[in-house]
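Source file: my_file.cif. Holds: mmCIF, C-alpha atoms and all ligand atoms.
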```cif
data_my_file
loop_
_atom_site.label_atom_id
_atom_site.label_comp_id
_atom_site.auth_asym_id
_atom_site.auth_seq_id
_atom_site.Cartn_x
_atom_site.Cartn_y
_atom_site.Cartn_z
CA MET E 14 -20.94 -0.77 16.33
CA ILE E 15 -24.11 -2.62 15.39
CA ALA E 16 -25.66 -1.50 12.13
CA ARG E 17 -29.37 -0.85 12.01
CA THR E 18 -31.49 -2.87 9.70
CA LEU E 19 -33.28 -1.18 6.83
CA PRO E 20 -36.57 0.18 8.16
CA GLN E 21 -38.62 0.13 4.96
CA VAL E 22 -37.92 -0.88 1.43
CA ALA E 23 -40.13 0.38 -1.39
CA PRO E 24 -40.22 -1.78 -4.52
CA LEU E 25 -37.79 -0.73 -7.24
CA ASP E 26 -38.97 0.27 -10.69
CA ARG E 27 -37.18 -2.28 -12.82
CA GLY E 28 -38.37 -1.22 -16.25
CA GLY E 29 -38.38 2.58 -16.02
CA GLY E 30 -34.79 3.26 -17.08
CA ILE E 31 -33.64 4.74 -13.74
CA PRO E 32 -30.61 2.73 -12.61
CA LEU E 33 -31.40 0.47 -9.65
CA TYR E 34 -28.44 1.75 -7.63
CA HIS E 35 -29.77 5.29 -8.04
CA GLN E 36 -33.24 4.30 -6.81
CA ILE E 37 -31.68 2.61 -3.77
CA GLN E 38 -29.46 5.63 -3.12
CA ARG E 39 -32.56 7.89 -3.17
CA GLN E 40 -34.40 5.66 -0.71
CA LEU E 41 -31.42 5.53 1.62
CA MET E 42 -31.09 9.32 1.40
CA GLU E 43 -34.74 9.69 2.34
CA GLN E 44 -34.27 7.42 5.32
CA ILE E 45 -31.18 9.31 6.47
CA ARG E 46 -33.05 12.59 6.16
CA SER E 47 -36.10 11.28 7.98
CA GLY E 48 -33.85 10.29 10.88
CA ALA E 49 -34.42 6.54 10.42
CA PHE E 50 -30.64 6.24 10.57
CA PRO E 51 -29.26 8.64 13.17
CA ARG E 52 -26.10 10.53 12.23
CA SER E 53 -22.82 8.71 12.87
CA GLU E 54 -24.50 5.29 12.93
CA ALA E 55 -23.46 2.50 10.60
CA LEU E 56 -25.47 1.77 7.49
CA PRO E 57 -26.69 -1.81 7.10
CA PRO E 58 -24.08 -3.98 5.39
CA VAL E 59 -24.23 -4.14 1.60
CA GLN E 60 -25.23 -7.82 1.85
CA GLU E 61 -28.41 -6.80 3.65
CA ILE E 62 -29.11 -3.95 1.24
CA ALA E 63 -28.66 -6.33 -1.70
CA ALA E 64 -30.93 -8.96 -0.15
CA ARG E 65 -33.70 -6.58 0.88
CA TYR E 66 -33.83 -4.88 -2.52
CA GLY E 67 -33.23 -8.07 -4.49
CA VAL E 68 -30.21 -6.69 -6.33
CA SER E 69 -26.63 -7.81 -6.81
CA LEU E 70 -23.91 -6.96 -4.30
CA MET E 71 -22.35 -4.80 -6.98
CA THR E 72 -25.49 -2.68 -7.30
CA ALA E 73 -25.80 -2.35 -3.52
CA ARG E 74 -22.17 -1.28 -3.30
CA GLN E 75 -22.68 1.26 -6.05
CA ALA E 76 -25.64 2.75 -4.14
CA VAL E 77 -23.57 3.07 -0.98
CA ARG E 78 -20.60 4.47 -2.89
CA SER E 79 -22.76 7.16 -4.46
CA LEU E 80 -23.99 8.16 -1.00
CA CYS E 81 -20.35 8.52 0.01
CA ASP E 82 -19.63 10.57 -3.13
CA LEU E 83 -22.41 12.95 -2.11
CA GLY E 84 -20.85 13.31 1.33
CA MET E 85 -23.86 11.70 3.07
CA ALA E 86 -21.88 8.69 4.25
CA TYR E 87 -18.26 7.69 4.69
CA SER E 88 -16.51 4.34 4.81
CA ARG E 89 -14.05 3.23 7.46
CA GLN E 90 -11.90 0.37 6.43
CA GLY E 91 -12.95 -2.84 8.12
CA LYS E 92 -15.66 -1.07 10.11
CA GLY E 93 -18.39 -0.33 7.59
CA THR E 94 -20.11 2.72 6.20
CA PHE E 95 -21.35 5.45 8.50
CA ILE E 96 -23.84 8.23 8.09
CA ALA E 97 -22.00 11.52 7.85
CA ASN E 98 -22.90 14.48 9.95
CA THR E 99 -23.75 15.94 6.63
CA LYS E 100 -21.72 18.78 5.33
CA LEU E 101 -22.63 19.91 1.87
CA GLU E 102 -19.93 19.78 -0.74
CA LYS E 103 -19.20 22.94 -2.66
CA ASN E 104 -18.60 21.94 -6.22
CA PHE E 105 -15.90 24.02 -7.88
CA ARG E 106 -15.92 22.37 -11.22
CA ARG E 107 -19.20 23.69 -12.58
CA VAL E 108 -20.96 27.01 -12.42
CA MET E 109 -23.98 25.87 -10.46
CA SER E 110 -26.88 27.78 -9.05
CA PHE E 111 -27.88 27.21 -5.47
CA THR E 112 -31.10 25.60 -6.72
CA GLU E 113 -29.12 23.14 -8.85
CA GLU E 114 -26.71 22.35 -6.03
CA MET E 115 -29.60 21.52 -3.73
CA LYS E 116 -31.30 19.44 -6.40
CA THR E 117 -28.24 17.24 -6.93
CA ARG E 118 -28.54 16.36 -3.23
CA GLY E 119 -32.25 15.68 -3.36
CA THR E 120 -32.90 18.79 -1.25
CA THR E 121 -35.42 21.52 -2.00
CA ALA E 122 -33.99 25.02 -2.30
CA GLN E 123 -35.88 27.93 -0.85
CA SER E 124 -35.08 31.62 -0.65
CA ARG E 125 -36.07 34.21 1.87
CA VAL E 126 -35.76 37.50 0.05
CA LEU E 127 -34.50 40.36 2.17
CA SER E 128 -34.54 42.93 -0.64
CA PHE E 129 -34.59 43.14 -4.42
CA ARG E 130 -34.20 46.55 -6.01
CA ILE E 131 -32.32 48.70 -8.51
CA ARG E 132 -29.43 50.55 -6.93
CA SER E 133 -26.36 52.60 -7.78
CA ALA E 134 -23.28 50.41 -7.75
CA THR E 135 -20.59 50.69 -5.09
CA GLY E 136 -17.01 51.17 -6.29
CA GLU E 137 -16.23 47.48 -5.75
CA VAL E 138 -19.23 46.32 -7.79
CA ARG E 139 -18.58 48.89 -10.52
CA LYS E 140 -15.03 47.64 -10.88
CA ALA E 141 -15.94 43.93 -10.83
CA LEU E 142 -18.74 44.33 -13.35
CA GLN E 143 -16.85 46.88 -15.48
CA LEU E 144 -19.80 49.26 -15.32
CA ARG E 145 -20.01 52.55 -17.18
CA ALA E 146 -20.32 55.71 -15.11
CA GLY E 147 -23.77 55.94 -13.53
CA GLU E 148 -24.83 52.42 -14.60
CA LYS E 149 -27.33 50.86 -12.22
CA VAL E 150 -27.48 47.31 -10.90
CA PHE E 151 -30.11 44.93 -9.56
CA ARG E 152 -29.26 44.06 -5.98
CA LEU E 153 -30.78 40.85 -4.66
CA HIS E 154 -30.24 39.98 -1.02
CA ARG E 155 -31.43 36.50 0.02
CA VAL E 156 -31.16 33.85 2.69
CA ARG E 157 -30.71 30.51 0.93
CA CYS E 158 -32.27 27.49 2.59
CA GLY E 159 -32.21 23.75 1.91
CA ASP E 160 -35.25 21.85 3.14
CA GLY E 161 -36.08 24.85 5.31
CA VAL E 162 -32.64 25.08 6.96
CA PRO E 163 -30.84 28.42 6.39
CA LEU E 164 -27.45 27.65 4.83
CA GLY E 165 -26.20 30.92 3.41
CA VAL E 166 -26.83 34.61 2.86
CA GLU E 167 -26.21 35.90 -0.64
CA CYS E 168 -26.10 39.37 -2.07
CA SER E 169 -26.01 39.40 -5.88
CA CYS E 170 -25.54 42.43 -8.12
CA LEU E 171 -26.23 42.34 -11.86
CA PRO E 172 -26.06 45.22 -14.36
CA VAL E 173 -29.61 46.28 -15.27
CA ARG E 174 -28.67 46.32 -18.97
CA VAL E 175 -28.04 42.55 -18.92
CA CYS E 176 -31.70 41.76 -18.27
CA PRO E 177 -33.71 44.99 -18.07
CA ASP E 178 -37.05 43.28 -17.26
CA LEU E 179 -35.73 41.28 -14.32
CA LEU E 180 -37.48 43.33 -11.66
CA ARG E 181 -40.81 42.70 -13.38
CA ASP E 182 -40.28 39.09 -14.50
CA TYR E 183 -38.36 37.47 -11.68
CA ASP E 184 -40.33 35.53 -9.12
CA VAL E 185 -37.96 36.09 -6.21
CA THR E 186 -38.77 32.73 -4.64
CA SER E 187 -37.45 30.88 -7.71
CA SER E 188 -34.01 30.37 -9.29
CA LEU E 189 -32.28 33.52 -10.49
CA TYR E 190 -30.13 31.61 -12.98
CA ARG E 191 -33.16 29.85 -14.43
CA THR E 192 -34.94 33.18 -14.94
CA LEU E 193 -31.86 34.69 -16.56
CA GLU E 194 -31.66 31.71 -18.91
CA MET E 195 -35.30 32.18 -19.84
CA HIS E 196 -34.25 35.67 -20.94
CA GLY E 197 -31.33 34.31 -22.95
CA VAL E 198 -28.71 35.26 -20.36
CA PHE E 199 -26.29 32.39 -19.71
CA LEU E 200 -23.63 32.68 -17.03
CA MET E 201 -21.04 30.31 -18.41
CA THR E 202 -17.92 30.81 -16.31
CA ALA E 203 -17.19 32.23 -12.91
CA SER E 204 -14.25 33.07 -10.75
CA GLU E 205 -14.82 32.46 -7.10
CA VAL E 206 -12.69 33.28 -4.09
CA VAL E 207 -13.27 31.50 -0.77
CA GLU E 208 -12.16 32.89 2.55
CA VAL E 209 -12.94 31.97 6.10
CA GLY E 210 -14.48 34.42 8.48
CA ARG E 211 -16.89 34.82 11.36
CA ALA E 212 -20.59 35.47 11.04
CA SER E 213 -21.64 39.04 11.69
CA ALA E 214 -24.42 39.50 14.24
CA GLU E 215 -26.89 40.15 11.41
CA ASN E 216 -25.92 37.10 9.34
CA ALA E 217 -25.73 34.88 12.42
CA LYS E 218 -29.34 35.77 13.18
CA LEU E 219 -30.42 35.06 9.59
CA LEU E 220 -28.53 31.75 9.58
CA ARG E 221 -29.65 30.78 13.07
CA ILE E 222 -26.11 30.26 14.32
CA ALA E 223 -24.18 31.87 17.17
CA PRO E 224 -22.62 35.26 16.36
CA ARG E 225 -19.00 34.95 15.27
CA SER E 226 -19.45 31.28 14.25
CA PRO E 227 -16.99 30.22 11.53
CA VAL E 228 -18.32 30.78 8.03
CA PHE E 229 -17.13 30.55 4.44
CA LEU E 230 -17.09 33.84 2.58
CA PHE E 231 -17.50 33.46 -1.18
CA THR E 232 -16.96 36.22 -3.71
CA ARG E 233 -18.07 35.25 -7.18
CA ILE E 234 -17.89 37.08 -10.48
CA SER E 235 -19.83 35.27 -13.21
CA PHE E 236 -19.26 35.86 -16.90
CA LEU E 237 -21.41 35.64 -20.01
CA GLU E 238 -20.51 33.58 -23.04
CA ASP E 239 -18.66 36.57 -24.51
CA GLY E 240 -16.51 36.83 -21.36
CA LYS E 241 -18.22 39.99 -20.01
CA PRO E 242 -18.87 40.05 -16.25
CA ALA E 243 -22.60 39.95 -15.42
CA GLU E 244 -22.91 39.01 -11.75
CA PHE E 245 -21.04 39.97 -8.61
CA VAL E 246 -22.00 37.97 -5.53
CA ARG E 247 -20.88 38.01 -1.95
CA SER E 248 -22.10 35.05 0.07
CA THR E 249 -21.72 33.86 3.64
CA TYR E 250 -22.17 30.10 4.08
CA ARG E 251 -22.34 28.18 7.33
CA GLY E 252 -19.05 26.54 8.26
CA ASP E 253 -20.87 23.77 10.12
CA ARG E 254 -22.83 22.77 7.03
CA TYR E 255 -20.30 23.14 4.21
CA LYS E 256 -16.97 21.70 3.30
CA ILE E 257 -14.79 22.60 0.38
CA VAL E 258 -13.83 19.65 -1.76
CA ASN E 259 -11.40 19.92 -4.63
CA ARG E 260 -10.93 17.20 -7.18
CA LEU E 261 -7.40 17.43 -8.46
CA THR E 262 -5.70 16.01 -11.49
CA ARG E 263 -1.97 15.53 -11.59
CA LEU E 264 -0.15 16.04 -14.82
CA ARG E 265 2.39 13.31 -15.39
CA SER E 266 5.91 14.45 -16.08
CA ASP E 267 5.31 13.57 -19.76
CA GLY E 268 2.36 16.02 -19.75
CA ALA E 269 -0.48 13.46 -19.88
CA ALA E 270 -3.44 13.96 -17.55
CA GLY E 271 -4.19 11.31 -14.92
CA ALA E 272 -7.61 9.68 -14.59
CA THR E 273 -10.13 11.76 -12.63
C1 LIG E 301 -25.15 30.17 -6.16
C2 LIG E 301 -24.06 31.19 -6.47
C3 LIG E 301 -24.61 32.58 -6.64
C4 LIG E 301 -25.79 32.60 -7.57
C5 LIG E 301 -26.84 31.64 -7.11
C6 LIG E 301 -28.04 31.57 -8.05
O1 LIG E 301 -25.54 30.23 -4.85
N1 LIG E 301 -23.04 31.20 -5.44
O2 LIG E 301 -23.56 33.36 -7.20
O3 LIG E 301 -26.33 33.91 -7.63
O4 LIG E 301 -26.29 30.35 -7.01
O5 LIG E 301 -28.93 30.67 -7.47
P1 LIG E 301 -30.41 30.44 -7.92
O6 LIG E 301 -30.41 30.27 -9.42
O7 LIG E 301 -30.85 29.23 -7.18
O8 LIG E 301 -31.20 31.66 -7.52
#
```
The structure given in the file should be rewritten as structure tokens.
Ligand code: GLP
Amino acid sequence: MIARTLPQVAPLDRGGGIPLYHQIQRQLMEQIRSGAFPRSEALPPVQEIAARYGVSLMTARQAVRSLCDLGMAYSRQGKGTFIANTKLEKNFRRVMSFTEEMKTRGTTAQSRVLSFRIRSATGEVRKALQLRAGEKVFRLHRVRCGDGVPLGVECSCLPVRVCPDLLRDYDVTSSLYRTLEMHGVFLMTASEVVEVGRASAENAKLLRIAPRSPVFLFTRISFLEDGKPAEFVRSTYRGDRYKIVNRLTRLRSDGAAGAT
């Protein structure tokens, strides 16, 4: 397959402290997103990238490798590097907000809020959040989008006592986690279960996919620094846009951890 040549190359900022490979990676990402490189086509060879940007082969390779790490490209031995039909990677090593996840990919997160109100908790939520009898929760139901594309539907429940002013202070179009942090509420750990399922008619419509399309179903309970549960979330994410990637470490038989 013949690789395209680089359409445009903006000058790199060589004194600003941002690594050159990172600047190149950002430009390549922009070009992939803008459709300058159609999906499944080969990226220009690293020699061309290095020459056009005036950087070493090592820097060009690092830029391409970081695109692969983000799941935007993949290498085939002896054939080159190809643009992936991008599936977003779900990172299971950090408690990340949707906004943060999108940001790490250079994508803008948006939310379409379906409802945000104080409600009585269902039995499942009461149990997960260890609520006292009669305790109320905030229930936030949103469609989460990246660059305008609906990717998931999330329904989050948080005990009102954790952040009593949330209804008043939270701008529902912004990051929930960021607002909680501004109120001194830090969700530090989470346990998350992933299952596969099929989109309900309602979620399929919200996600603009065919009813019964394969989806990932996430159930997350997030905990505060003191270990108390403070968020119960059920999410439905598009199976055609996400993949689950685990990074594993093997313990050697003598107990030492391998390099990650
Ligand atoms: C992710 C998590 C949710 C969490 C949300 C907060 O999507 N799966 O459990 O509620 O992030 O996102 P944000 O801070 O962007 O509103």
- Task: Enumerate as a ChimeraX atom specification the residues within 10 Å of ligand LIG 301 (chain E), counting all atoms listed in the file.
- Result: /E:103,108-116,122-124,153-155,157,165-171,185-194,200,203-205,231-235,244-250
- Task: Measure the distance from atom CA of His196 of chain E to atom CA of Pro163 of chain E in Å and round it to one decimal.
- Result: 28.5 Å
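Checking E:Val175, E:Ala141, E:Ala212, E:Val68 one by one against Leu230 of chain E, counting only C-alpha atoms, you find the shortest gap at E:Ala212.
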Residues within 10 Å of Ile131 of chain E, only C-alpha atoms, excluding chain neighbours under 4 positions, as an mmCIF file with C-alpha atoms, in the coordinates of the input:
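Once everything was written out, this is out-v1.cif:
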```cif
data_model
loop_
_atom_site.group_PDB
_atom_site.id
_atom_site.type_symbol
_atom_site.label_atom_id
_atom_site.label_comp_id
_atom_site.auth_asym_id
_atom_site.auth_seq_id
_atom_site.Cartn_x
_atom_site.Cartn_y
_atom_site.Cartn_z
ATOM 1 C CA LYS E 149 -27.330 50.860 -12.220
ATOM 2 C CA VAL E 150 -27.480 47.310 -10.900
ATOM 3 C CA PHE E 151 -30.110 44.930 -9.560
ATOM 4 C CA ARG E 152 -29.260 44.060 -5.980
ATOM 5 C CA LEU E 153 -30.780 40.850 -4.660
ATOM 6 C CA CYS E 170 -25.540 42.430 -8.120
ATOM 7 C CA LEU E 171 -26.230 42.340 -11.860
ATOM 8 C CA PRO E 172 -26.060 45.220 -14.360
ATOM 9 C CA VAL E 173 -29.610 46.280 -15.270
ATOM 10 C CA LEU E 180 -37.480 43.330 -11.660
#
```
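Taking only C-alpha atoms into account, Ser88 of chain E lies nearest to E:Ala55 out of the set E:Ala55, E:Ala214, E:Tyr183, E:Arg130.
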- Message: For a test of reading the model, state the distance in Å between atom CA of Thr18 of chain E and atom CA of Val77 of chain E, rounded to one decimal.
- Response: 14.6 Å
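Taking atom CA of Asp178 of chain E as the reference point, atom CA of Gly136 of chain E is found at 24.2 Å.
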- Message: For a cutoff of 9 Å around the file-coordinate point (-34.3, 3.2, -3.3), which residues qualify once you count only C-alpha atoms? I'd like the result as a list of chain:residue names.
- Response: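 So the residues meeting the distance criterion are E:Val22, E:Ala23, E:Pro24, E:Leu25, E:Leu33, E:Tyr34, E:His35, E:Gln36, E:Ile37, E:Gln38, E:Arg39, E:Gln40, E:Leu41, E:Met42, E:Glu43, E:Tyr66, E:Ala76.
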- Query: For the point (-31.0, 27.5, 11.9) in file coordinates, what residues are within 10 Å, counting all atoms listed in the file? Give the answer as a list in words?
  - Reply: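 The distance filter leaves exactly Cys158, Gly161, Val162, Pro163, Leu164, Ala217, Lys218, Leu219, Leu220, Arg221, Ile222, Ala223 and Arg251 of chain E.
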- Between E:Ala146, E:Arg254, E:Thr202, E:Leu261, which has the minimum distance to Met85 of chain E (counting all atoms listed in the file)?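 Using all atoms listed in the file, the shortest distance to Met85 of chain E belongs to E:Arg254.
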- Item | Residue with smallest distance to Arg174 of chain E - pool E:Glu215, E:Glu238, E:Glu148, E:Glu61, counting only C-alpha atoms |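 When distances to Arg174 of chain E are compared using only C-alpha atoms, the smallest one comes from E:Glu148.
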- Item | Selected residue, from E:Arg89, E:Ile62, E:Gln143, E:Arg125, that lies nearest to Gly159 of chain E when counting only C-alpha atoms |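 Using only C-alpha atoms, Gly159 of chain E sits closest to E:Arg125.
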- Task: Might you pull out every residue within 8 Å of Val209 of chain E, with only C-alpha atoms counted and same-chain residues fewer than 5 positions away left off, and present them as a PyMOL selection string?
- Result: chain E and resi 227-230
- Proximity to Asp82 of chain E - best of E:Gly210, E:Arg118, E:Leu70, E:Ser47, all atoms listed in the file: E:Arg118
Write only N, CA, C and O atoms for segment 48-75 of chain E from the block just shown, as a PDB file, in the first residue's frame.
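Below is the file out_25.pdb, written as the result:
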```
ATOM      1  N   GLY E  48      -9.284  13.998   8.570  1.00  0.00           N
ATOM      2  CA  GLY E  48      -9.550  13.133   7.419  1.00  0.00           C
ATOM      3  C   GLY E  48      -8.455  13.234   6.360  1.00  0.00           C
ATOM      4  O   GLY E  48      -8.586  12.654   5.279  1.00  0.00           O
ATOM      5  N   ALA E  49      -7.371  13.974   6.670  1.00  0.00           N
ATOM      6  CA  ALA E  49      -6.284  14.082   5.694  1.00  0.00           C
ATOM      7  C   ALA E  49      -5.668  12.706   5.426  1.00  0.00           C
ATOM      8  O   ALA E  49      -5.183  12.435   4.333  1.00  0.00           O
ATOM      9  N   PHE E  50      -5.681  11.850   6.444  1.00  0.00           N
ATOM     10  CA  PHE E  50      -5.267  10.463   6.252  1.00  0.00           C
ATOM     11  C   PHE E  50      -6.487   9.591   6.484  1.00  0.00           C
ATOM     12  O   PHE E  50      -6.900   9.414   7.623  1.00  0.00           O
ATOM     13  N   PRO E  51      -7.085   9.042   5.458  1.00  0.00           N
ATOM     14  CA  PRO E  51      -8.258   8.197   5.697  1.00  0.00           C
ATOM     15  C   PRO E  51      -7.894   6.993   6.553  1.00  0.00           C
ATOM     16  O   PRO E  51      -6.753   6.531   6.534  1.00  0.00           O
ATOM     17  N   ARG E  52      -8.896   6.508   7.315  1.00  0.00           N
ATOM     18  CA  ARG E  52      -8.705   5.338   8.170  1.00  0.00           C
ATOM     19  C   ARG E  52      -8.154   4.166   7.361  1.00  0.00           C
ATOM     20  O   ARG E  52      -8.500   4.007   6.198  1.00  0.00           O
ATOM     21  N   SER E  53      -7.359   3.373   7.997  1.00  0.00           N
ATOM     22  CA  SER E  53      -6.762   2.161   7.424  1.00  0.00           C
ATOM     23  C   SER E  53      -5.660   2.441   6.407  1.00  0.00           C
ATOM     24  O   SER E  53      -5.096   1.519   5.845  1.00  0.00           O
ATOM     25  N   GLU E  54      -5.372   3.713   6.111  1.00  0.00           N
ATOM     26  CA  GLU E  54      -4.256   3.984   5.192  1.00  0.00           C
ATOM     27  C   GLU E  54      -2.948   4.016   5.956  1.00  0.00           C
ATOM     28  O   GLU E  54      -2.917   4.200   7.167  1.00  0.00           O
ATOM     29  N   ALA E  55      -1.856   3.883   5.208  1.00  0.00           N
ATOM     30  CA  ALA E  55      -0.545   3.901   5.860  1.00  0.00           C
ATOM     31  C   ALA E  55      -0.137   5.341   6.157  1.00  0.00           C
ATOM     32  O   ALA E  55      -0.440   6.253   5.388  1.00  0.00           O
ATOM     33  N   LEU E  56       0.540   5.512   7.270  1.00  0.00           N
ATOM     34  CA  LEU E  56       1.138   6.818   7.579  1.00  0.00           C
ATOM     35  C   LEU E  56       2.393   6.967   6.731  1.00  0.00           C
ATOM     36  O   LEU E  56       2.994   5.969   6.330  1.00  0.00           O
ATOM     37  N   PRO E  57       2.832   8.203   6.458  1.00  0.00           N
ATOM     38  CA  PRO E  57       4.095   8.344   5.739  1.00  0.00           C
ATOM     39  C   PRO E  57       5.211   7.669   6.533  1.00  0.00           C
ATOM     40  O   PRO E  57       5.145   7.601   7.759  1.00  0.00           O
ATOM     41  N   PRO E  58       6.237   7.194   5.848  1.00  0.00           N
ATOM     42  CA  PRO E  58       7.334   6.543   6.576  1.00  0.00           C
ATOM     43  C   PRO E  58       8.023   7.533   7.525  1.00  0.00           C
ATOM     44  O   PRO E  58       8.007   8.732   7.277  1.00  0.00           O
ATOM     45  N   VAL E  59       8.630   6.974   8.575  1.00  0.00           N
ATOM     46  CA  VAL E  59       9.275   7.855   9.567  1.00  0.00           C
ATOM     47  C   VAL E  59      10.360   8.715   8.924  1.00  0.00           C
ATOM     48  O   VAL E  59      10.595   9.844   9.345  1.00  0.00           O
ATOM     49  N   GLN E  60      10.997   8.206   7.870  1.00  0.00           N
ATOM     50  CA  GLN E  60      12.049   8.989   7.198  1.00  0.00           C
ATOM     51  C   GLN E  60      11.445  10.295   6.662  1.00  0.00           C
ATOM     52  O   GLN E  60      12.034  11.366   6.784  1.00  0.00           O
ATOM     53  N   GLU E  61      10.236  10.179   6.094  1.00  0.00           N
ATOM     54  CA  GLU E  61       9.614  11.393   5.555  1.00  0.00           C
ATOM     55  C   GLU E  61       9.194  12.332   6.689  1.00  0.00           C
ATOM     56  O   GLU E  61       9.392  13.550   6.623  1.00  0.00           O
ATOM     57  N   ILE E  62       8.643  11.750   7.738  1.00  0.00           N
ATOM     58  CA  ILE E  62       8.215  12.585   8.873  1.00  0.00           C
ATOM     59  C   ILE E  62       9.429  13.332   9.426  1.00  0.00           C
ATOM     60  O   ILE E  62       9.400  14.545   9.652  1.00  0.00           O
ATOM     61  N   ALA E  63      10.540  12.595   9.587  1.00  0.00           N
ATOM     62  CA  ALA E  63      11.755  13.224  10.133  1.00  0.00           C
ATOM     63  C   ALA E  63      12.228  14.341   9.213  1.00  0.00           C
ATOM     64  O   ALA E  63      12.552  15.451   9.675  1.00  0.00           O
ATOM     65  N   ALA E  64      12.221  14.089   7.900  1.00  0.00           N
ATOM     66  CA  ALA E  64      12.737  15.096   6.963  1.00  0.00           C
ATOM     67  C   ALA E  64      11.835  16.327   6.929  1.00  0.00           C
ATOM     68  O   ALA E  64      12.308  17.459   6.978  1.00  0.00           O
ATOM     69  N   ARG E  65      10.536  16.101   6.871  1.00  0.00           N
ATOM     70  CA  ARG E  65       9.616  17.240   6.761  1.00  0.00           C
ATOM     71  C   ARG E  65       9.624  18.113   8.015  1.00  0.00           C
ATOM     72  O   ARG E  65       9.459  19.314   7.947  1.00  0.00           O
ATOM     73  N   TYR E  66       9.790  17.480   9.191  1.00  0.00           N
ATOM     74  CA  TYR E  66       9.796  18.277  10.418  1.00  0.00           C
ATOM     75  C   TYR E  66      11.200  18.714  10.823  1.00  0.00           C
ATOM     76  O   TYR E  66      11.367  19.476  11.760  1.00  0.00           O
ATOM     77  N   GLY E  67      12.209  18.196  10.135  1.00  0.00           N
ATOM     78  CA  GLY E  67      13.587  18.538  10.483  1.00  0.00           C
ATOM     79  C   GLY E  67      13.976  18.003  11.846  1.00  0.00           C
ATOM     80  O   GLY E  67      14.559  18.713  12.673  1.00  0.00           O
ATOM     81  N   VAL E  68      13.602  16.742  12.111  1.00  0.00           N
ATOM     82  CA  VAL E  68      13.965  16.128  13.392  1.00  0.00           C
ATOM     83  C   VAL E  68      14.681  14.800  13.113  1.00  0.00           C
ATOM     84  O   VAL E  68      14.712  14.336  11.967  1.00  0.00           O
ATOM     85  N   SER E  69      15.225  14.223  14.178  1.00  0.00           N
ATOM     86  CA  SER E  69      15.931  12.954  13.990  1.00  0.00           C
ATOM     87  C   SER E  69      14.926  11.830  13.754  1.00  0.00           C
ATOM     88  O   SER E  69      13.740  11.959  14.091  1.00  0.00           O
ATOM     89  N   LEU E  70      15.442  10.737  13.207  1.00  0.00           N
ATOM     90  CA  LEU E  70      14.594   9.553  12.991  1.00  0.00           C
ATOM     91  C   LEU E  70      14.025   9.055  14.317  1.00  0.00           C
ATOM     92  O   LEU E  70      12.880   8.617  14.395  1.00  0.00           O
ATOM     93  N   MET E  71      14.840   9.201  15.366  1.00  0.00           N
ATOM     94  CA  MET E  71      14.409   8.724  16.675  1.00  0.00           C
ATOM     95  C   MET E  71      13.173   9.504  17.147  1.00  0.00           C
ATOM     96  O   MET E  71      12.204   8.927  17.646  1.00  0.00           O
ATOM     97  N   THR E  72      13.214  10.821  16.931  1.00  0.00           N
ATOM     98  CA  THR E  72      12.075  11.658  17.353  1.00  0.00           C
ATOM     99  C   THR E  72      10.830  11.316  16.535  1.00  0.00           C
ATOM    100  O   THR E  72       9.725  11.205  17.065  1.00  0.00           O
ATOM    101  N   ALA E  73      11.038  11.120  15.214  1.00  0.00           N
ATOM    102  CA  ALA E  73       9.894  10.778  14.357  1.00  0.00           C
ATOM    103  C   ALA E  73       9.291   9.451  14.793  1.00  0.00           C
ATOM    104  O   ALA E  73       8.070   9.292  14.875  1.00  0.00           O
ATOM    105  N   ARG E  74      10.170   8.504  15.123  1.00  0.00           N
ATOM    106  CA  ARG E  74       9.682   7.181  15.550  1.00  0.00           C
ATOM    107  C   ARG E  74       8.899   7.289  16.856  1.00  0.00           C
ATOM    108  O   ARG E  74       7.875   6.652  17.040  1.00  0.00           O
ATOM    109  N   GLN E  75       9.418   8.158  17.736  1.00  0.00           N
ATOM    110  CA  GLN E  75       8.751   8.320  19.038  1.00  0.00           C
ATOM    111  C   GLN E  75       7.339   8.906  18.831  1.00  0.00           C
ATOM    112  O   GLN E  75       6.387   8.506  19.499  1.00  0.00           O
TER     113      GLN E  75
END
```
